[in-house]
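Following: one structure in structure tokens, then a few remarks.
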Amino acid sequence: MSKQAVFSTKAPKPLPVYSQAIVANGFVYCSGQVPMDPTTMKLIEGDVQAHTEQCIKNLSVVLEEAGSSLDKAVEVNVFLSNMDDFAKMNEVYERFWGDVKPARTCVAVKTLPLNTDVEIKCIAVL
């Protein structure tokens, strides 16, 4: 097996302990994205809907850098700091995938990086 790190300058720069994504065996494994502006490296302003959109935009540019896209996502994991945000997150989430939605898990967690309210990761095919 070979694996290759993916790096997009259009997504937030990762910490040195992980890659934005790894390509291996025909798949792209994306690390979790928080609603960070890739230019300022700060969380964007707004509610969970604005944050969900930014997370997905960040994932999209990483997938494109790897030679894939959101349409090729086969699994998505959503982490919320408050499950009360589930419906609002879904209102934004559903706009980004077509008729065949990826398999998905959504869980509430105690704390997310930078105390944000949402983090999203995914796996896609090339």
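Labels for the structure tokens follow display order: chains A, B, ..., residues from 1 in each chain, ligands from 1.
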Write out as a compact mmCIF listing (two decimals) with all heavy atoms, in the first residue's frame each polymer residue whose atoms come within 9 Å of range 8-24 of chain A, counting only C-alpha atoms; drop sequence neighbours fewer than 3 positions from it.
```txt
# COMPACT_ATOMS: atom_id res chain seq x y z
N MET A 1 0.84 -1.19 0.00
CA MET A 1 0.00 0.00 0.00
C MET A 1 0.88 1.24 0.00
O MET A 1 1.87 1.32 0.72
CB MET A 1 -0.89 0.00 1.25
CG MET A 1 -1.72 1.27 1.33
SD MET A 1 -2.49 1.58 2.92
CE MET A 1 -1.18 2.45 3.76
N SER A 2 0.48 2.21 -0.79
CA SER A 2 1.16 3.50 -0.76
C SER A 2 0.16 4.53 -0.26
O SER A 2 -1.05 4.38 -0.44
CB SER A 2 1.69 3.88 -2.14
OG SER A 2 0.62 4.14 -3.01
N LYS A 3 0.67 5.55 0.35
CA LYS A 3 -0.20 6.64 0.78
C LYS A 3 0.49 7.95 0.49
O LYS A 3 1.71 8.05 0.52
CB LYS A 3 -0.57 6.52 2.26
CG LYS A 3 0.57 6.65 3.23
CD LYS A 3 0.06 6.50 4.65
CE LYS A 3 1.20 6.72 5.64
NZ LYS A 3 0.73 6.64 7.02
N GLN A 4 -0.34 8.95 0.20
CA GLN A 4 0.18 10.26 -0.17
C GLN A 4 -0.59 11.33 0.59
O GLN A 4 -1.82 11.31 0.64
CB GLN A 4 0.01 10.47 -1.67
CG GLN A 4 0.42 11.83 -2.15
CD GLN A 4 0.16 11.98 -3.66
OE1 GLN A 4 -0.12 11.03 -4.37
NE2 GLN A 4 0.25 13.21 -4.12
N ALA A 5 0.13 12.26 1.19
CA ALA A 5 -0.50 13.37 1.89
C ALA A 5 -1.04 14.38 0.88
O ALA A 5 -0.46 14.57 -0.19
CB ALA A 5 0.49 14.04 2.83
N PHE A 27 -8.94 5.88 -2.37
CA PHE A 27 -9.80 6.69 -1.50
C PHE A 27 -9.06 7.91 -0.98
O PHE A 27 -7.84 7.93 -0.92
CB PHE A 27 -10.28 5.87 -0.28
CG PHE A 27 -11.27 4.81 -0.62
CD1 PHE A 27 -10.85 3.53 -0.93
CD2 PHE A 27 -12.63 5.09 -0.64
CE1 PHE A 27 -11.76 2.53 -1.25
CE2 PHE A 27 -13.55 4.10 -0.96
CZ PHE A 27 -13.11 2.82 -1.26
N VAL A 28 -9.83 8.92 -0.60
CA VAL A 28 -9.29 10.11 0.06
C VAL A 28 -9.89 10.15 1.46
O VAL A 28 -11.11 10.19 1.62
CB VAL A 28 -9.68 11.41 -0.69
CG1 VAL A 28 -9.05 12.62 0.00
CG2 VAL A 28 -9.30 11.34 -2.14
N TYR A 29 -9.03 10.13 2.46
CA TYR A 29 -9.43 10.17 3.86
C TYR A 29 -9.15 11.57 4.39
O TYR A 29 -7.98 11.92 4.62
CB TYR A 29 -8.67 9.13 4.67
CG TYR A 29 -8.90 7.71 4.19
CD1 TYR A 29 -8.13 7.17 3.16
CD2 TYR A 29 -9.88 6.93 4.77
CE1 TYR A 29 -8.35 5.87 2.71
CE2 TYR A 29 -10.10 5.63 4.33
CZ TYR A 29 -9.33 5.11 3.30
OH TYR A 29 -9.55 3.82 2.86
N CYS A 30 -10.19 12.37 4.54
CA CYS A 30 -10.01 13.75 4.98
C CYS A 30 -10.05 13.87 6.49
O CYS A 30 -10.94 13.30 7.15
CB CYS A 30 -11.11 14.64 4.41
SG CYS A 30 -11.02 14.87 2.63
N SER A 31 -9.14 14.63 7.02
CA SER A 31 -9.17 14.97 8.44
C SER A 31 -10.36 15.88 8.70
O SER A 31 -10.89 16.51 7.79
CB SER A 31 -7.89 15.70 8.85
OG SER A 31 -6.78 14.84 8.76
N GLY A 32 -10.75 15.96 9.95
CA GLY A 32 -11.86 16.84 10.31
C GLY A 32 -11.54 18.29 10.02
O GLY A 32 -10.42 18.75 10.21
N GLN A 33 -12.55 18.99 9.55
CA GLN A 33 -12.43 20.43 9.29
C GLN A 33 -13.36 21.18 10.24
O GLN A 33 -14.52 20.80 10.41
CB GLN A 33 -12.81 20.75 7.84
CG GLN A 33 -11.80 20.29 6.83
CD GLN A 33 -10.54 21.12 6.83
OE1 GLN A 33 -10.54 22.29 7.20
NE2 GLN A 33 -9.45 20.54 6.39
N VAL A 34 -12.82 22.22 10.82
CA VAL A 34 -13.62 23.13 11.64
C VAL A 34 -13.90 24.37 10.79
O VAL A 34 -13.30 24.55 9.74
CB VAL A 34 -12.90 23.47 12.97
CG1 VAL A 34 -12.75 22.23 13.83
CG2 VAL A 34 -11.57 24.15 12.73
N MET A 36 -12.94 27.19 10.02
CA MET A 36 -11.83 28.14 10.04
C MET A 36 -11.63 28.76 8.67
O MET A 36 -11.71 28.07 7.66
CB MET A 36 -10.56 27.39 10.47
CG MET A 36 -9.34 28.27 10.61
SD MET A 36 -7.90 27.31 11.16
CE MET A 36 -8.32 27.07 12.88
N ASP A 37 -11.40 30.05 8.67
CA ASP A 37 -11.07 30.76 7.44
C ASP A 37 -9.63 30.41 7.08
O ASP A 37 -8.73 30.60 7.91
CB ASP A 37 -11.24 32.26 7.66
CG ASP A 37 -10.91 33.07 6.43
OD1 ASP A 37 -9.73 33.08 6.00
OD2 ASP A 37 -11.81 33.72 5.90
N PRO A 38 -9.38 29.91 5.87
CA PRO A 38 -8.02 29.51 5.52
C PRO A 38 -7.03 30.67 5.40
O PRO A 38 -5.82 30.46 5.48
CB PRO A 38 -8.18 28.81 4.18
CG PRO A 38 -9.51 29.20 3.66
CD PRO A 38 -10.34 29.62 4.81
N THR A 39 -7.53 31.87 5.25
CA THR A 39 -6.64 33.03 5.14
C THR A 39 -6.24 33.56 6.51
O THR A 39 -5.06 33.77 6.79
CB THR A 39 -7.31 34.15 4.32
OG1 THR A 39 -7.69 33.64 3.05
CG2 THR A 39 -6.37 35.33 4.13
N THR A 40 -7.22 33.75 7.38
CA THR A 40 -6.93 34.32 8.70
C THR A 40 -6.55 33.26 9.72
O THR A 40 -5.99 33.59 10.77
CB THR A 40 -8.16 35.08 9.25
OG1 THR A 40 -9.23 34.14 9.48
CG2 THR A 40 -8.59 36.17 8.29
N MET A 41 -6.89 32.00 9.44
CA MET A 41 -6.68 30.88 10.36
C MET A 41 -7.43 31.09 11.67
O MET A 41 -7.01 30.65 12.73
CB MET A 41 -5.19 30.65 10.61
CG MET A 41 -4.44 30.15 9.38
SD MET A 41 -5.04 28.56 8.77
CE MET A 41 -4.52 27.49 10.10
N LYS A 42 -8.57 31.76 11.58
CA LYS A 42 -9.45 31.97 12.72
C LYS A 42 -10.83 31.43 12.39
O LYS A 42 -11.22 31.38 11.22
CB LYS A 42 -9.54 33.45 13.08
CG LYS A 42 -8.23 34.03 13.56
CD LYS A 42 -8.37 35.46 13.97
CE LYS A 42 -7.01 35.96 14.44
NZ LYS A 42 -7.02 37.32 14.85
N LYS A 57 -17.05 23.62 2.87
CA LYS A 57 -16.21 24.30 1.87
C LYS A 57 -14.74 23.90 2.04
O LYS A 57 -14.04 23.65 1.06
CB LYS A 57 -16.35 25.81 1.99
CG LYS A 57 -17.65 26.35 1.45
CD LYS A 57 -17.70 27.86 1.60
CE LYS A 57 -18.99 28.44 1.06
NZ LYS A 57 -19.06 29.89 1.24
N ASN A 58 -14.27 23.84 3.29
CA ASN A 58 -12.89 23.43 3.54
C ASN A 58 -12.65 22.00 3.07
O ASN A 58 -11.63 21.70 2.44
CB ASN A 58 -12.55 23.57 5.02
CG ASN A 58 -12.44 25.01 5.48
OD1 ASN A 58 -12.34 25.93 4.68
ND2 ASN A 58 -12.49 25.21 6.78
N LEU A 59 -13.60 21.10 3.36
CA LEU A 59 -13.47 19.72 2.88
C LEU A 59 -13.45 19.68 1.35
O LEU A 59 -12.66 18.93 0.75
CB LEU A 59 -14.64 18.87 3.38
CG LEU A 59 -14.58 18.42 4.82
CD1 LEU A 59 -15.89 17.76 5.21
CD2 LEU A 59 -13.41 17.47 5.06
N SER A 60 -14.28 20.47 0.72
CA SER A 60 -14.37 20.48 -0.73
C SER A 60 -13.04 20.82 -1.39
O SER A 60 -12.63 20.15 -2.35
CB SER A 60 -15.45 21.47 -1.18
OG SER A 60 -15.56 21.48 -2.58
N VAL A 61 -12.35 21.83 -0.91
CA VAL A 61 -11.08 22.21 -1.54
C VAL A 61 -10.00 21.16 -1.30
O VAL A 61 -9.15 20.94 -2.17
CB VAL A 61 -10.61 23.62 -1.14
CG1 VAL A 61 -11.58 24.68 -1.61
CG2 VAL A 61 -10.34 23.75 0.33
N VAL A 62 -10.04 20.50 -0.16
CA VAL A 62 -9.09 19.42 0.10
C VAL A 62 -9.38 18.25 -0.84
O VAL A 62 -8.46 17.68 -1.45
CB VAL A 62 -9.12 18.98 1.58
CG1 VAL A 62 -8.28 17.73 1.79
CG2 VAL A 62 -8.63 20.11 2.48
N LEU A 63 -10.64 17.89 -0.98
CA LEU A 63 -11.01 16.81 -1.90
C LEU A 63 -10.60 17.14 -3.33
O LEU A 63 -10.07 16.28 -4.05
CB LEU A 63 -12.50 16.53 -1.83
CG LEU A 63 -13.00 15.83 -0.57
CD1 LEU A 63 -14.52 15.87 -0.50
CD2 LEU A 63 -12.47 14.41 -0.50
N GLU A 64 -10.83 18.37 -3.77
CA GLU A 64 -10.45 18.78 -5.13
C GLU A 64 -8.94 18.69 -5.32
O GLU A 64 -8.47 18.26 -6.38
CB GLU A 64 -10.97 20.17 -5.42
CG GLU A 64 -12.48 20.21 -5.60
CD GLU A 64 -13.05 21.61 -5.68
OE1 GLU A 64 -12.28 22.58 -5.82
OE2 GLU A 64 -14.29 21.73 -5.59
N GLU A 65 -8.18 19.10 -4.33
CA GLU A 65 -6.72 19.01 -4.41
C GLU A 65 -6.28 17.55 -4.58
O GLU A 65 -5.30 17.27 -5.26
CB GLU A 65 -6.08 19.60 -3.15
CG GLU A 65 -4.58 19.64 -3.18
CD GLU A 65 -4.01 20.66 -4.17
OE1 GLU A 65 -4.65 21.67 -4.45
OE2 GLU A 65 -2.88 20.42 -4.66
N ALA A 66 -7.03 16.64 -3.99
CA ALA A 66 -6.71 15.21 -4.06
C ALA A 66 -7.19 14.57 -5.37
O ALA A 66 -6.84 13.44 -5.66
CB ALA A 66 -7.34 14.48 -2.88
N LEU A 126 -11.64 8.38 -5.38
CA LEU A 126 -10.96 9.22 -6.36
C LEU A 126 -11.71 9.20 -7.68
O LEU A 126 -12.47 8.30 -7.96
CB LEU A 126 -9.52 8.74 -6.59
CG LEU A 126 -8.56 9.03 -5.44
CD1 LEU A 126 -7.23 8.36 -5.69
CD2 LEU A 126 -8.39 10.53 -5.26
```
Do a neighbour search on Pro102 in chain A at 6 Å with only C-alpha atoms, toss out local chain neighbours closer than 2 positions, and write the hits as a short mmCIF file (atom, residue, chain, number, x, y, z; two decimals) with N, CA, C and O atoms, in the first residue's frame.
```cif
data_model
loop_
_atom_site.label_atom_id
_atom_site.label_comp_id
_atom_site.auth_asym_id
_atom_site.auth_seq_id
_atom_site.Cartn_x
_atom_site.Cartn_y
_atom_site.Cartn_z
N ALA A 73 -18.02 11.63 -2.15
CA ALA A 73 -17.94 11.25 -0.74
C ALA A 73 -18.80 10.02 -0.49
O ALA A 73 -19.94 9.94 -0.96
N VAL A 74 -18.25 9.06 0.23
CA VAL A 74 -18.98 7.84 0.55
C VAL A 74 -19.32 7.75 2.05
O VAL A 74 -20.21 7.01 2.43
N GLU A 75 -18.60 8.50 2.86
CA GLU A 75 -18.89 8.52 4.30
C GLU A 75 -18.56 9.89 4.86
O GLU A 75 -17.54 10.48 4.52
#
```
One decimal, Å: what's the distance from CA of Asp47 in chain A over to CA of Asn77 in chain A, could you say?
19.3 Å
Residue neighbourhood range 88-100 of chain A, 8 Å, only C-alpha atoms, exclusion window fewer than 5 positions, as a list in words:
Val48, Gln49, Thr52, Glu53, Ile56, Leu70 and Asp71 of chain A
Proximity to Gly26 in chain A - best of A:Glu119, A:Val78, A:Val125, A:Cys55, only C-alpha atoms:
A:Val125
Write down as a ChimeraX atom specification the residues of range 26-119 of chain A whose backbone DSSP state falls under helix (DSSP H, G or I).
/A:48-66,70-72,83-93,113-115
N, CA and C atoms of the current selection, written as an mmCIF file, in the first residue's frame:
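Contents of selection.cif, freshly written:
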```cif
data_model
loop_
_atom_site.group_PDB
_atom_site.id
_atom_site.type_symbol
_atom_site.label_atom_id
_atom_site.label_comp_id
_atom_site.auth_asym_id
_atom_site.auth_seq_id
_atom_site.Cartn_x
_atom_site.Cartn_y
_atom_site.Cartn_z
ATOM 1 N N VAL A 48 -24.248 27.860 13.830
ATOM 2 C CA VAL A 48 -23.887 26.513 13.394
ATOM 3 C C VAL A 48 -24.127 26.330 11.895
ATOM 4 N N GLN A 49 -25.062 27.054 11.309
ATOM 5 C CA GLN A 49 -25.286 26.935 9.871
ATOM 6 C C GLN A 49 -24.124 27.527 9.074
ATOM 7 N N ALA A 50 -23.680 28.701 9.455
ATOM 8 C CA ALA A 50 -22.513 29.300 8.791
ATOM 9 C C ALA A 50 -21.280 28.425 9.009
ATOM 10 N N HIS A 51 -21.154 27.879 10.196
ATOM 11 C CA HIS A 51 -20.010 27.026 10.521
ATOM 12 C C HIS A 51 -20.044 25.724 9.727
ATOM 13 N N THR A 52 -21.223 25.130 9.570
ATOM 14 C CA THR A 52 -21.352 23.902 8.784
ATOM 15 C C THR A 52 -20.933 24.160 7.339
ATOM 16 N N GLU A 53 -21.392 25.263 6.786
ATOM 17 C CA GLU A 53 -21.036 25.598 5.406
ATOM 18 C C GLU A 53 -19.528 25.762 5.249
ATOM 19 N N GLN A 54 -18.874 26.427 6.189
ATOM 20 C CA GLN A 54 -17.421 26.620 6.096
ATOM 21 C C GLN A 54 -16.682 25.289 6.224
ATOM 22 N N CYS A 55 -17.123 24.420 7.113
ATOM 23 C CA CYS A 55 -16.501 23.096 7.239
ATOM 24 C C CYS A 55 -16.563 22.355 5.914
ATOM 25 N N ILE A 56 -17.727 22.371 5.286
ATOM 26 C CA ILE A 56 -17.910 21.649 4.025
ATOM 27 C C ILE A 56 -17.105 22.304 2.903
ATOM 28 N N LYS A 57 -17.045 23.619 2.872
ATOM 29 C CA LYS A 57 -16.206 24.300 1.873
ATOM 30 C C LYS A 57 -14.741 23.897 2.042
ATOM 31 N N ASN A 58 -14.274 23.837 3.292
ATOM 32 C CA ASN A 58 -12.893 23.427 3.543
ATOM 33 C C ASN A 58 -12.653 21.995 3.073
ATOM 34 N N LEU A 59 -13.598 21.096 3.359
ATOM 35 C CA LEU A 59 -13.471 19.721 2.876
ATOM 36 C C LEU A 59 -13.448 19.679 1.350
ATOM 37 N N SER A 60 -14.279 20.471 0.720
ATOM 38 C CA SER A 60 -14.375 20.478 -0.729
ATOM 39 C C SER A 60 -13.039 20.819 -1.392
ATOM 40 N N VAL A 61 -12.350 21.830 -0.908
ATOM 41 C CA VAL A 61 -11.083 22.209 -1.541
ATOM 42 C C VAL A 61 -10.002 21.159 -1.303
ATOM 43 N N VAL A 62 -10.044 20.497 -0.156
ATOM 44 C CA VAL A 62 -9.088 19.419 0.096
ATOM 45 C C VAL A 62 -9.378 18.246 -0.844
ATOM 46 N N LEU A 63 -10.642 17.893 -0.983
ATOM 47 C CA LEU A 63 -11.008 16.807 -1.899
ATOM 48 C C LEU A 63 -10.600 17.138 -3.335
ATOM 49 N N GLU A 64 -10.831 18.368 -3.770
ATOM 50 C CA GLU A 64 -10.453 18.775 -5.128
ATOM 51 C C GLU A 64 -8.945 18.690 -5.322
ATOM 52 N N GLU A 65 -8.184 19.101 -4.328
ATOM 53 C CA GLU A 65 -6.720 19.008 -4.408
ATOM 54 C C GLU A 65 -6.281 17.550 -4.578
ATOM 55 N N ALA A 66 -7.033 16.642 -3.987
ATOM 56 C CA ALA A 66 -6.712 15.213 -4.064
ATOM 57 C C ALA A 66 -7.186 14.574 -5.367
ATOM 58 N N LEU A 70 -16.878 16.523 -3.433
ATOM 59 C CA LEU A 70 -17.957 16.207 -2.488
ATOM 60 C C LEU A 70 -18.902 15.155 -3.057
ATOM 61 N N ASP A 71 -19.147 15.192 -4.370
ATOM 62 C CA ASP A 71 -20.040 14.222 -5.008
ATOM 63 C C ASP A 71 -19.535 12.793 -4.875
ATOM 64 N N LYS A 72 -18.248 12.635 -4.645
ATOM 65 C CA LYS A 72 -17.658 11.301 -4.540
ATOM 66 C C LYS A 72 -17.492 10.852 -3.087
ATOM 67 N N MET A 83 -26.318 18.644 20.440
ATOM 68 C CA MET A 83 -27.222 17.952 19.530
ATOM 69 C C MET A 83 -28.474 18.776 19.227
ATOM 70 N N ASP A 84 -28.726 19.836 19.980
ATOM 71 C CA ASP A 84 -29.826 20.749 19.649
ATOM 72 C C ASP A 84 -29.602 21.440 18.303
ATOM 73 N N ASP A 85 -28.352 21.438 17.806
ATOM 74 C CA ASP A 85 -28.017 22.050 16.513
ATOM 75 C C ASP A 85 -28.213 21.098 15.334
ATOM 76 N N PHE A 86 -28.664 19.878 15.589
ATOM 77 C CA PHE A 86 -28.778 18.845 14.556
ATOM 78 C C PHE A 86 -29.611 19.305 13.355
ATOM 79 N N ALA A 87 -30.814 19.810 13.599
ATOM 80 C CA ALA A 87 -31.698 20.207 12.498
ATOM 81 C C ALA A 87 -31.113 21.374 11.705
ATOM 82 N N LYS A 88 -30.555 22.358 12.381
ATOM 83 C CA LYS A 88 -29.976 23.519 11.680
ATOM 84 C C LYS A 88 -28.758 23.102 10.860
ATOM 85 N N MET A 89 -27.938 22.208 11.408
ATOM 86 C CA MET A 89 -26.788 21.708 10.652
ATOM 87 C C MET A 89 -27.283 20.987 9.402
ATOM 88 N N ASN A 90 -28.319 20.156 9.537
ATOM 89 C CA ASN A 90 -28.843 19.397 8.400
ATOM 90 C C ASN A 90 -29.399 20.286 7.295
ATOM 91 N N GLU A 91 -29.965 21.428 7.646
ATOM 92 C CA GLU A 91 -30.493 22.351 6.633
ATOM 93 C C GLU A 91 -29.399 22.777 5.662
ATOM 94 N N VAL A 92 -28.202 22.983 6.176
ATOM 95 C CA VAL A 92 -27.073 23.369 5.321
ATOM 96 C C VAL A 92 -26.459 22.133 4.672
ATOM 97 N N TYR A 93 -26.242 21.100 5.466
ATOM 98 C CA TYR A 93 -25.594 19.876 5.000
ATOM 99 C C TYR A 93 -26.253 19.322 3.737
ATOM 100 N N PRO A 113 -12.205 21.284 18.823
ATOM 101 C CA PRO A 113 -11.080 22.214 18.739
ATOM 102 C C PRO A 113 -11.541 23.670 18.666
ATOM 103 N N LEU A 114 -10.835 24.520 19.357
ATOM 104 C CA LEU A 114 -11.107 25.953 19.399
ATOM 105 C C LEU A 114 -12.503 26.267 19.940
ATOM 106 N N ASN A 115 -13.091 25.292 20.640
ATOM 107 C CA ASN A 115 -14.431 25.434 21.221
ATOM 108 C C ASN A 115 -15.499 25.763 20.185
#
```
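In this comparison, which uses only C-alpha atoms, the residue of A:Ser68, A:Lys101, A:Ala124, A:Thr116 approaching Asn82 in chain A most closely is A:Thr116.
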Nearest residue to Ser69 in chain A from the set A:Val107, A:Pro35, A:Asn25, A:Cys122 (distances using only C-alpha atoms)
A:Cys122
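Distance-wise, CA of Leu80 in chain A and CA of Arg104 in chain A end up 13.3 Å apart.
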